[in-house]
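What follows is the content of target29.pdb (PDB, C-alpha atoms).
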ATOM      1  CA  MET A   1       0.000   0.000   0.000
ATOM      2  CA  SER A   2       2.777   2.423   0.908
ATOM      3  CA  ARG A   3       4.480   1.778  -2.399
ATOM      4  CA  THR A   4       1.305   2.471  -4.352
ATOM      5  CA  ALA A   5       0.733   5.647  -2.413
ATOM      6  CA  ARG A   6       4.211   6.804  -3.347
ATOM      7  CA  ARG A   7       3.706   6.003  -7.006
ATOM      8  CA  LEU A   8       0.540   8.070  -7.023
ATOM      9  CA  ARG A   9       2.364  11.177  -5.857
ATOM     10  CA  PRO A  10       3.743  13.658  -8.355
ATOM     11  CA  ALA A  11       7.412  12.946  -9.071
ATOM     12  CA  CYS A  12       8.614  16.355  -7.871
ATOM     13  CA  GLU A  13       6.881  15.972  -4.539
ATOM     14  CA  ARG A  14       8.065  12.392  -4.210
ATOM     15  CA  ALA A  15      11.697  13.349  -4.609
ATOM     16  CA  LYS A  16      11.435  15.715  -1.676
ATOM     17  CA  PHE A  17      10.505  12.919   0.726
ATOM     18  CA  ALA A  18      11.733   9.599  -0.624
ATOM     19  CA  PRO A  19      13.667   9.029  -3.813
ATOM     20  CA  GLU A  20      12.015   6.137  -5.695
ATOM     21  CA  ARG A  21      13.934   2.887  -5.581
ATOM     22  CA  GLU A  22      13.046  -0.712  -6.234
ATOM     23  CA  GLU A  23      14.083  -2.086  -2.853
ATOM     24  CA  ASN A  24      12.778  -0.102   0.053
ATOM     25  CA  VAL A  25      13.898  -1.191   3.498
ATOM     26  CA  LYS A  26      11.948  -1.026   6.723
ATOM     27  CA  TYR A  27      13.517   0.584   9.752
ATOM     28  CA  ILE A  28      12.271   0.758  13.308
ATOM     29  CA  LEU A  29      12.905   4.026  15.173
ATOM     30  CA  MET A  30      12.831   3.393  18.903
ATOM     31  CA  MET A  31      12.384   5.990  21.627
ATOM     32  CA  SER A  32      13.557   4.632  24.963
ATOM     33  CA  GLY A  33      13.896   6.109  28.410
ATOM     34  CA  SER A  34      15.061   5.219  31.888
ATOM     35  CA  ARG A  35      12.794   5.343  34.927
ATOM     36  CA  ALA A  36      14.294   8.747  35.827
ATOM     37  CA  GLY A  37      13.666  10.085  32.331
ATOM     38  CA  VAL A  38      10.019   9.033  32.455
ATOM     39  CA  THR A  39       9.585  10.641  35.901
ATOM     40  CA  GLY A  40      10.971  13.879  34.432
ATOM     41  CA  TYR A  41       8.524  13.693  31.535
ATOM     42  CA  HIS A  42       5.597  13.346  33.929
ATOM     43  CA  ALA A  43       6.559  16.703  35.429
ATOM     44  CA  TRP A  44       6.139  18.507  32.066
ATOM     45  CA  SER A  45       3.344  21.098  31.887
ATOM     46  CA  LYS A  46       0.259  20.219  29.852
ATOM     47  CA  GLN A  47       1.206  22.912  27.365
ATOM     48  CA  ASP A  48       4.645  21.342  26.831
ATOM     49  CA  VAL A  49       3.171  17.848  26.442
ATOM     50  CA  ASP A  50       0.590  19.129  23.941
ATOM     51  CA  ALA A  51       3.261  20.911  21.886
ATOM     52  CA  HIS A  52       5.426  17.764  21.877
ATOM     53  CA  MET A  53       2.554  15.512  20.812
ATOM     54  CA  ALA A  54       1.429  17.946  18.116
ATOM     55  CA  VAL A  55       4.869  17.688  16.477
ATOM     56  CA  LEU A  56       4.863  13.874  16.686
ATOM     57  CA  GLN A  57       1.385  13.777  15.129
ATOM     58  CA  ARG A  58       2.549  16.082  12.333
ATOM     59  CA  ILE A  59       5.507  13.768  11.656
ATOM     60  CA  ASN A  60       3.102  10.779  11.498
ATOM     61  CA  LYS A  61       0.905  12.635   9.025
ATOM     62  CA  GLU A  62       3.839  13.587   6.810
ATOM     63  CA  LEU A  63       5.079   9.993   6.780
ATOM     64  CA  SER A  64       1.581   8.804   5.823
ATOM     65  CA  ASP A  65       1.406  11.398   3.053
ATOM     66  CA  SER A  66       4.803  10.379   1.653
ATOM     67  CA  GLY A  67       3.883   6.669   1.735
ATOM     68  CA  GLU A  68       6.696   5.862   4.189
ATOM     69  CA  PHE A  69       4.514   5.181   7.233
ATOM     70  CA  VAL A  70       4.167   1.551   8.330
ATOM     71  CA  ALA A  71       3.273   1.653  12.025
ATOM     72  CA  THR A  72       3.701   3.569  15.244
ATOM     73  CA  GLN A  73       2.894   2.430  18.723
ATOM     74  CA  PRO A  74       3.219   3.941  22.178
ATOM     75  CA  LEU A  75       3.723   1.500  25.069
ATOM     76  CA  SER A  76       2.012   1.528  28.448
ATOM     77  CA  PRO A  77       3.727   2.939  31.587
ATOM     78  CA  ILE A  78       6.925   1.101  32.507
ATOM     79  CA  GLU A  79       5.549   0.167  35.968
ATOM     80  CA  GLU A  80       3.463  -2.452  34.153
ATOM     81  CA  ALA A  81       6.465  -4.116  32.481
ATOM     82  CA  LYS A  82       7.094  -7.773  33.330
ATOM     83  CA  LEU A  83       9.887 -10.174  32.485
ATOM     84  CA  VAL A  84       8.687 -13.671  31.660
ATOM     85  CA  ARG A  85      10.641 -16.899  31.405
ATOM     86  CA  GLY A  86       9.311 -20.379  30.731
ATOM     87  CA  GLU A  87       9.794 -22.926  33.519
ATOM     88  CA  LYS A  88      10.666 -26.520  32.624
ATOM     89  CA  ASN A  89       6.980 -27.428  32.538
ATOM     90  CA  GLY A  90       6.227 -24.426  30.309
ATOM     91  CA  VAL A  91       4.572 -22.441  33.109
ATOM     92  CA  PRO A  92       5.415 -18.728  32.959
ATOM     93  CA  VAL A  93       7.596 -17.282  35.704
ATOM     94  CA  THR A  94       7.086 -13.532  35.909
ATOM     95  CA  ASP A  95       9.342 -10.926  37.435
ATOM     96  CA  GLY A  96       9.028  -7.171  37.421
ATOM     97  CA  ILE A  97      12.484  -6.302  38.685
ATOM     98  CA  PHE A  98      14.700  -4.400  36.256
ATOM     99  CA  PRO A  99      18.096  -2.796  36.806
ATOM    100  CA  GLU A 100      17.910   0.941  37.553
ATOM    101  CA  SER A 101      19.851   1.631  34.338
ATOM    102  CA  LYS A 102      17.345  -0.236  32.152
ATOM    103  CA  GLU A 103      16.148   1.708  29.156
ATOM    104  CA  PHE A 104      12.483   0.970  28.559
ATOM    105  CA  LEU A 105      10.941   1.211  25.127
ATOM    106  CA  LEU A 106       8.478   4.103  25.265
ATOM    107  CA  GLY A 107       7.256   3.871  21.702
ATOM    108  CA  TYR A 108       8.343   3.225  18.152
ATOM    109  CA  TRP A 109       7.795   4.086  14.520
ATOM    110  CA  ILE A 110       8.309   1.729  11.590
ATOM    111  CA  VAL A 111       9.089   3.458   8.305
ATOM    112  CA  ASP A 112       9.534   2.052   4.808
ATOM    113  CA  VAL A 113      12.246   4.167   3.212
ATOM    114  CA  ALA A 114      14.575   4.206   0.231
ATOM    115  CA  THR A 115      17.806   4.837   2.130
ATOM    116  CA  PRO A 116      19.108   4.535   5.688
ATOM    117  CA  GLU A 117      19.852   8.269   5.564
ATOM    118  CA  ARG A 118      16.139   8.926   5.165
ATOM    119  CA  ALA A 119      15.468   6.826   8.287
ATOM    120  CA  TYR A 120      18.081   8.886  10.180
ATOM    121  CA  ALA A 121      16.475  12.116   8.968
ATOM    122  CA  VAL A 122      13.075  11.020  10.296
ATOM    123  CA  ALA A 123      14.686   9.960  13.589
ATOM    124  CA  ALA A 124      16.318  13.395  13.863
ATOM    125  CA  ARG A 125      12.933  15.073  13.400
ATOM    126  CA  ILE A 126      11.524  12.968  16.229
ATOM    127  CA  SER A 127      14.569  13.833  18.337
ATOM    128  CA  ALA A 128      13.971  17.533  17.635
ATOM    129  CA  ALA A 129      10.379  17.432  18.925
ATOM    130  CA  PRO A 130       9.952  20.166  21.540
ATOM    131  CA  GLY A 131      10.349  19.514  25.261
ATOM    132  CA  PRO A 132       9.792  21.896  28.203
ATOM    133  CA  GLY A 133       9.678  25.530  27.076
ATOM    134  CA  GLY A 134       9.715  24.442  23.429
ATOM    135  CA  VAL A 135      13.407  23.451  23.551
ATOM    136  CA  PRO A 136      14.088  20.322  21.397
ATOM    137  CA  THR A 137      14.388  17.233  23.602
ATOM    138  CA  ASN A 138      17.301  15.887  21.508
ATOM    139  CA  MET A 139      16.368  12.421  22.778
ATOM    140  CA  PRO A 140      18.458   9.715  21.151
ATOM    141  CA  ILE A 141      16.407   7.538  18.797
ATOM    142  CA  GLU A 142      17.712   4.032  18.118
ATOM    143  CA  VAL A 143      17.485   3.127  14.437
ATOM    144  CA  ARG A 144      17.448  -0.545  13.441
ATOM    145  CA  ARG A 145      16.778  -2.313  10.173
ATOM    146  CA  LEU A 146      13.955  -4.856  10.155
ATOM    147  CA  VAL A 147      15.005  -8.219   8.793
ATOM    148  CA  ASP A 148      13.386  -9.404   5.607
ATOM    149  CA  ARG A 149      12.050 -12.743   6.743
ATOM    150  CA  ALA A 150      12.077 -14.204   3.234
ATOM    151  CA  GLY A 151      15.851 -13.927   3.094
ATOM    152  CA  GLU A 152      17.632 -13.768   6.405
ATOM    153  CA  ARG A 153      17.244 -15.704   9.578
TER     154      ARG A 153
ATOM    155  CA  MET B   1      -5.792  -5.935  25.060
ATOM    156  CA  LYS B   2      -2.669  -5.731  22.992
ATOM    157  CA  TYR B   3       0.673  -6.770  24.434
ATOM    158  CA  ILE B   4       4.163  -6.618  22.990
ATOM    159  CA  LEU B   5       6.551  -9.485  23.797
ATOM    160  CA  MET B   6      10.116  -8.295  23.407
ATOM    161  CA  MET B   7      13.144 -10.512  23.097
ATOM    162  CA  ASN B   8      16.214  -8.552  24.153
ATOM    163  CA  ALA B   9      19.829  -9.648  23.976
ATOM    164  CA  SER B  10      23.200  -8.168  24.860
ATOM    165  CA  LYS B  11      26.020  -8.016  22.292
ATOM    166  CA  GLY B  12      27.562 -11.086  23.939
ATOM    167  CA  ASP B  13      24.311 -13.015  23.509
ATOM    168  CA  TRP B  14      24.240 -12.111  19.809
ATOM    169  CA  GLU B  15      27.827 -13.279  19.390
ATOM    170  CA  GLY B  16      26.879 -16.577  21.023
ATOM    171  CA  PHE B  17      23.906 -16.939  18.705
ATOM    172  CA  ALA B  18      26.158 -16.420  15.675
ATOM    173  CA  LYS B  19      28.142 -19.489  16.763
ATOM    174  CA  TRP B  20      25.176 -21.876  16.928
ATOM    175  CA  SER B  21      25.367 -24.893  14.609
ATOM    176  CA  LYS B  22      23.226 -24.940  11.492
ATOM    177  CA  GLU B  23      21.035 -27.683  13.006
ATOM    178  CA  ASP B  24      20.427 -25.637  16.156
ATOM    179  CA  LEU B  25      19.546 -22.541  14.104
ATOM    180  CA  GLN B  26      17.181 -24.564  11.934
ATOM    181  CA  CYS B  27      15.535 -26.096  14.972
ATOM    182  CA  ASN B  28      15.052 -22.624  16.496
ATOM    183  CA  ALA B  29      13.716 -21.210  13.206
ATOM    184  CA  ALA B  30      11.268 -24.131  12.878
ATOM    185  CA  PHE B  31      10.016 -23.449  16.405
ATOM    186  CA  MET B  32       9.571 -19.740  15.639
ATOM    187  CA  ARG B  33       7.681 -20.440  12.414
ATOM    188  CA  ASN B  34       5.409 -22.920  14.150
ATOM    189  CA  PHE B  35       4.910 -20.489  17.046
ATOM    190  CA  ALA B  36       3.856 -17.692  14.658
ATOM    191  CA  LYS B  37       1.516 -20.115  12.855
ATOM    192  CA  GLU B  38      -0.149 -21.117  16.131
ATOM    193  CA  LEU B  39      -0.571 -17.465  17.149
ATOM    194  CA  LYS B  40      -2.221 -16.764  13.795
ATOM    195  CA  GLU B  41      -4.485 -19.805  13.993
ATOM    196  CA  SER B  42      -5.641 -18.933  17.498
ATOM    197  CA  GLY B  43      -6.456 -15.381  16.336
ATOM    198  CA  VAL B  44      -4.142 -13.514  18.730
ATOM    199  CA  PHE B  45      -1.427 -12.571  16.214
ATOM    200  CA  VAL B  46      -1.091  -8.868  15.394
ATOM    201  CA  ALA B  47       2.491  -8.418  14.202
ATOM    202  CA  ALA B  48       5.987  -9.781  14.554
ATOM    203  CA  GLU B  49       9.332  -8.484  13.369
ATOM    204  CA  GLY B  50      12.952  -9.487  13.625
ATOM    205  CA  LEU B  51      15.596  -6.785  13.839
ATOM    206  CA  GLY B  52      18.965  -6.494  12.103
ATOM    207  CA  TRP B  53      22.204  -7.196  13.966
ATOM    208  CA  PRO B  54      23.224  -4.745  16.713
ATOM    209  CA  ASN B  55      26.414  -3.745  14.870
ATOM    210  CA  GLU B  56      24.123  -1.928  12.398
ATOM    211  CA  ALA B  57      22.278  -0.090  15.184
ATOM    212  CA  LEU B  58      22.668   3.673  15.333
ATOM    213  CA  LEU B  59      21.562   6.294  17.788
ATOM    214  CA  VAL B  60      20.275   9.436  16.118
ATOM    215  CA  ARG B  61      19.837  12.850  17.668
ATOM    216  CA  ALA B  62      18.878  16.132  16.105
ATOM    217  CA  GLY B  63      21.857  18.454  15.814
ATOM    218  CA  LYS B  64      21.681  22.233  16.255
ATOM    219  CA  ASP B  65      20.422  22.649  12.696
ATOM    220  CA  ARG B  66      18.080  19.660  13.258
ATOM    221  CA  ASP B  67      20.181  17.556  10.905
ATOM    222  CA  PRO B  68      20.675  13.977  12.093
ATOM    223  CA  VAL B  69      23.762  13.282  14.204
ATOM    224  CA  THR B  70      24.424   9.550  14.248
ATOM    225  CA  ASP B  71      26.403   7.587  16.773
ATOM    226  CA  GLY B  72      26.935   3.847  17.058
ATOM    227  CA  VAL B  73      28.491   3.778  20.508
ATOM    228  CA  PHE B  74      26.366   1.964  23.078
ATOM    229  CA  PRO B  75      27.185   1.000  26.663
ATOM    230  CA  GLU B  76      28.466  -2.579  26.973
ATOM    231  CA  SER B  77      25.453  -3.467  29.143
ATOM    232  CA  LYS B  78      22.954  -2.325  26.492
ATOM    233  CA  GLU B  79      20.230  -4.823  25.685
ATOM    234  CA  PHE B  80      19.381  -4.783  22.003
ATOM    235  CA  LEU B  81      15.921  -5.690  20.791
ATOM    236  CA  ALA B  82      16.249  -8.882  18.733
ATOM    237  CA  GLY B  83      12.633  -9.148  17.745
ATOM    238  CA  TYR B  84       9.083  -8.822  19.008
ATOM    239  CA  TRP B  85       5.557 -10.159  18.747
ATOM    240  CA  ILE B  86       2.396  -8.100  19.236
ATOM    241  CA  ILE B  87      -0.591 -10.160  20.343
ATOM    242  CA  ASP B  88      -4.198  -9.284  21.075
ATOM    243  CA  VAL B  89      -5.296 -11.290  24.115
ATOM    244  CA  GLU B  90      -7.898 -11.354  26.891
ATOM    245  CA  ASN B  91      -5.584 -10.487  29.754
ATOM    246  CA  ARG B  92      -1.998 -10.229  30.945
ATOM    247  CA  GLU B  93      -1.948 -13.845  32.158
ATOM    248  CA  GLN B  94      -2.581 -15.049  28.632
ATOM    249  CA  ALA B  95       0.177 -12.738  27.358
ATOM    250  CA  CYS B  96       2.568 -14.183  29.970
ATOM    251  CA  ARG B  97       1.688 -17.763  29.021
ATOM    252  CA  ILE B  98       2.510 -16.994  25.384
ATOM    253  CA  ALA B  99       5.717 -15.197  26.427
ATOM    254  CA  ALA B 100       6.761 -18.308  28.364
ATOM    255  CA  ARG B 101       6.342 -20.367  25.196
ATOM    256  CA  ALA B 102       8.609 -17.941  23.321
ATOM    257  CA  SER B 103      11.104 -18.153  26.185
ATOM    258  CA  ALA B 104      11.147 -21.936  25.816
ATOM    259  CA  ALA B 105      12.338 -21.734  22.170
ATOM    260  CA  PRO B 106      15.094 -24.294  21.671
ATOM    261  CA  GLY B 107      18.739 -23.254  21.907
ATOM    262  CA  PRO B 108      21.920 -25.286  21.309
ATOM    263  CA  GLY B 109      21.254 -29.023  21.540
ATOM    264  CA  GLY B 110      17.504 -28.387  21.597
ATOM    265  CA  VAL B 111      17.632 -27.183  25.217
ATOM    266  CA  PRO B 112      15.073 -24.396  25.871
ATOM    267  CA  GLY B 113      16.809 -21.028  25.767
ATOM    268  CA  ASN B 114      14.773 -19.698  28.728
ATOM    269  CA  ILE B 115      15.617 -16.191  27.629
ATOM    270  CA  PRO B 116      13.582 -13.522  29.427
ATOM    271  CA  ILE B 117      10.790 -11.959  27.390
ATOM    272  CA  GLU B 118       9.723  -8.441  28.327
ATOM    273  CA  VAL B 119       5.923  -8.119  28.356
ATOM    274  CA  ARG B 120       4.344  -4.674  27.963
ATOM    275  CA  GLN B 121       0.891  -3.516  27.062
ATOM    276  CA  VAL B 122       0.753  -1.473  23.869
ATOM    277  CA  LEU B 123      -1.633   1.446  23.685
ATOM    278  CA  GLY B 124      -4.138   2.155  20.963
ATOM    279  CA  GLY B 125      -2.780   5.608  20.376
ATOM    280  CA  PHE B 126      -1.970   8.894  22.011
ATOM    281  CA  ALA B 127      -5.679   9.145  22.969
ATOM    282  CA  ASP B 128      -5.120   6.314  25.465
ATOM    283  CA  LEU B 129      -2.542   8.534  27.177
ATOM    284  CA  GLY B 130      -5.121  11.319  27.436
ATOM    285  CA  LEU B 131      -3.344  13.398  24.752
TER     286      LEU B 131
END
This entry written out as structure tokens:
Amino acid sequence: MSRTARRLRPACERAKFAPEREENVKYILMMSGSRAGVTGYHAWSKQDVDAHMAVLQRINKELSDSGEFVATQPLSPIEEAKLVRGEKNGVPVTDGIFPESKEFLLGYWIVDVATPERAYAVAARISAAPGPGGVPTNMPIEVRRLVDRAGER
Amino acid sequence: MKYILMMNASKGDWEGFAKWSKEDLQCNAAFMRNFAKELKESGVFVAAEGLGWPNEALLVRAGKDRDPVTDGVFPESKEFLAGYWIIDVENREQACRIAARASAAPGPGGVPGNIPIEVRQVLGGFADLGL
């Protein structure tokens, strides 16, 4: 669907967002944060949160318009996170204890782009979303390629 | 309710995985394929993805001019996401039971890997956060 959407766009407009190429690659852009980082975020004013979310929603819309959007997903509060292992009999053993340094996934975007550079550019826009007082958060965004299951293990 | 089951691994774990025998890798892949098939057949499957190797991972920040600044230096302790499943289930207990099955995927010699699977609820959208 994303490929069709891109084909339907005028060539000049297309070039601005994503140069056409046969083999697009999917990347996941991950926003993570420690417990301390999340606590800091909860202290933001409503105005700051609204401004931040407005920018993220605009980025989502632009990615949809350019045909590069695949998925985005926020995760629930980190207090709910559990670690699960299978016991010998297959019964789940759950544990909610994480090291203080643990970086929790807060949310992610999956984009279908022509070049890794394009994925980095989108990640930089997310990183530049405004924080308190409108100052860019400059949060690091982890960029990883999704494996094409037909080919690689 | 949707849950994400995340399989994380340190760089050392990935290096170990790269040394598995072909038979062990095939056995693990067969388990994973069968697991995905069962999730689909039982109607709980939403999505699943595998991620590229950690040596390709980059951290990106916006520079002063908002251009991307990339960096591939991670702390040694960093856990890299290896892959994930998103499932749509009745409750957290069901999500944990499925996570335990993923944890029991066979490792070298067919012995269950017992790797920890992080279980988190995924939200429908920013609206669920009251935004």
> Would you list which chain A residues are within 6 Å of chain B using all atoms listed in the file, as a ChimeraX atom specification?
Replying inline: /A:74-76,81-86,92,121,124,127-128,138,140-147
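Taking CA of Gly133 (chain A) as the reference point, CA of Val55 (chain A) is found at 14.0 Å.
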> At what distance in Å, to one decimal, does CA of Ser32 (chain A) lie from CA of Phe98 (chain A)?
Replying inline: 14.5 Å
>> Which residues, named as in the file, does the PyMOL selection byres ((chain A and resi 34) around 9) pick out? Answer as a PyMOL selection string.
In response: chain A and resi 32-33+35-39+100-105
> Do you have the CA of Ala36 (chain B)-CA of Asp148 (chain A) distance handy?
Replying inline: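 The value is 15.5 Å.
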>> When the PyMOL selection byres ((chain B and resi 108) around 12) is applied to the structure above, which residues does it catch, written out as a list in words?
In response: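 Selected by the PyMOL selection byres ((chain B and resi 108) around 12) in this file: Gly16, Phe17, Ala18, Lys19, Trp20, Ser21, Lys22, Glu23, Asp24, Leu25, Gln26, Cys27, Asn28, Ala105, Pro106, Gly107, Gly109, Gly110, Val111, Pro112, Gly113 and Asn114 of chain B.
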Could you turn the residues from that selection into a file that holds C-alpha atoms, as a short mmCIF file (atom, residue, chain, number, x, y, z; two decimals), in the coordinates of the input?
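The resulting selection24.cif:
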data_model
loop_
_atom_site.label_atom_id
_atom_site.label_comp_id
_atom_site.auth_asym_id
_atom_site.auth_seq_id
_atom_site.Cartn_x
_atom_site.Cartn_y
_atom_site.Cartn_z
CA GLY B 16 26.88 -16.58 21.02
CA PHE B 17 23.91 -16.94 18.70
CA ALA B 18 26.16 -16.42 15.68
CA LYS B 19 28.14 -19.49 16.76
CA TRP B 20 25.18 -21.88 16.93
CA SER B 21 25.37 -24.89 14.61
CA LYS B 22 23.23 -24.94 11.49
CA GLU B 23 21.04 -27.68 13.01
CA ASP B 24 20.43 -25.64 16.16
CA LEU B 25 19.55 -22.54 14.10
CA GLN B 26 17.18 -24.56 11.93
CA CYS B 27 15.54 -26.10 14.97
CA ASN B 28 15.05 -22.62 16.50
CA ALA B 105 12.34 -21.73 22.17
CA PRO B 106 15.09 -24.29 21.67
CA GLY B 107 18.74 -23.25 21.91
CA GLY B 109 21.25 -29.02 21.54
CA GLY B 110 17.50 -28.39 21.60
CA VAL B 111 17.63 -27.18 25.22
CA PRO B 112 15.07 -24.40 25.87
CA GLY B 113 16.81 -21.03 25.77
CA ASN B 114 14.77 -19.70 28.73
#
Write a file for region 49-78 of chain A, containing N, CA and C atoms (output as a CSV table (one decimal), in the first residue's frame).
chain,number,residue,atom,x,y,z
A,49,VAL,N,3.5,19.2,26.9
A,49,VAL,CA,3.2,17.8,26.4
A,49,VAL,C,2.4,18.0,25.1
A,50,ASP,N,1.4,18.9,25.1
A,50,ASP,CA,0.6,19.1,23.9
A,50,ASP,C,1.4,19.5,22.7
A,51,ALA,N,2.4,20.4,23.0
A,51,ALA,CA,3.3,20.9,21.9
A,51,ALA,C,4.1,19.8,21.4
A,52,HIS,N,4.6,18.9,22.3
A,52,HIS,CA,5.4,17.8,21.9
A,52,HIS,C,4.6,16.8,21.0
A,53,MET,N,3.4,16.5,21.5
A,53,MET,CA,2.6,15.5,20.8
A,53,MET,C,2.1,16.0,19.5
A,54,ALA,N,1.9,17.4,19.4
A,54,ALA,CA,1.4,17.9,18.1
A,54,ALA,C,2.5,17.7,17.1
A,55,VAL,N,3.8,17.9,17.4
A,55,VAL,CA,4.9,17.7,16.5
A,55,VAL,C,4.9,16.2,16.1
A,56,LEU,N,4.8,15.3,17.0
A,56,LEU,CA,4.9,13.9,16.7
A,56,LEU,C,3.7,13.5,15.7
A,57,GLN,N,2.5,14.1,16.0
A,57,GLN,CA,1.4,13.8,15.1
A,57,GLN,C,1.6,14.3,13.7
A,58,ARG,N,2.3,15.5,13.6
A,58,ARG,CA,2.5,16.1,12.3
A,58,ARG,C,3.5,15.2,11.6
A,59,ILE,N,4.5,14.7,12.3
A,59,ILE,CA,5.5,13.8,11.7
A,59,ILE,C,4.8,12.5,11.1
A,60,ASN,N,3.9,12.0,11.9
A,60,ASN,CA,3.1,10.8,11.5
A,60,ASN,C,2.3,11.1,10.2
A,61,LYS,N,1.7,12.3,10.2
A,61,LYS,CA,0.9,12.6,9.0
A,61,LYS,C,1.8,12.8,7.8
A,62,GLU,N,2.9,13.4,8.0
A,62,GLU,CA,3.8,13.6,6.8
A,62,GLU,C,4.3,12.3,6.3
A,63,LEU,N,4.6,11.3,7.2
A,63,LEU,CA,5.1,10.0,6.8
A,63,LEU,C,4.0,9.3,6.0
A,64,SER,N,2.7,9.4,6.5
A,64,SER,CA,1.6,8.8,5.8
A,64,SER,C,1.4,9.4,4.4
A,65,ASP,N,1.6,10.7,4.3
A,65,ASP,CA,1.4,11.4,3.1
A,65,ASP,C,2.5,11.0,2.1
A,66,SER,N,3.7,10.7,2.6
A,66,SER,CA,4.8,10.4,1.7
A,66,SER,C,4.8,8.9,1.4
A,67,GLY,N,3.9,8.1,2.0
A,67,GLY,CA,3.9,6.7,1.7
A,67,GLY,C,4.9,5.9,2.5
A,68,GLU,N,5.6,6.5,3.5
A,68,GLU,CA,6.7,5.9,4.2
A,68,GLU,C,6.2,5.3,5.5
A,69,PHE,N,5.0,5.6,5.9
A,69,PHE,CA,4.5,5.2,7.2
A,69,PHE,C,4.1,3.7,7.2
A,70,VAL,N,4.6,3.0,8.2
A,70,VAL,CA,4.2,1.6,8.3
A,70,VAL,C,3.4,1.4,9.6
A,71,ALA,N,3.9,1.8,10.7
A,71,ALA,CA,3.3,1.7,12.0
A,71,ALA,C,3.9,2.6,13.1
A,72,THR,N,3.1,2.9,14.1
A,72,THR,CA,3.7,3.6,15.2
A,72,THR,C,2.9,3.1,16.4
A,73,GLN,N,3.6,3.0,17.6
A,73,GLN,CA,2.9,2.4,18.7
A,73,GLN,C,3.5,3.0,20.0
A,74,PRO,N,2.7,3.6,20.8
A,74,PRO,CA,3.2,3.9,22.2
A,74,PRO,C,3.0,2.7,23.1
A,75,LEU,N,3.9,2.6,24.1
A,75,LEU,CA,3.7,1.5,25.1
A,75,LEU,C,3.2,2.0,26.4
A,76,SER,N,2.6,1.1,27.2
A,76,SER,CA,2.0,1.5,28.4
A,76,SER,C,3.1,1.9,29.5
A,77,PRO,N,2.7,2.5,30.6
A,77,PRO,CA,3.7,2.9,31.6
A,77,PRO,C,4.7,1.8,32.0
A,78,ILE,N,5.9,2.1,32.3
A,78,ILE,CA,6.9,1.1,32.5
A,78,ILE,C,6.7,0.3,33.8
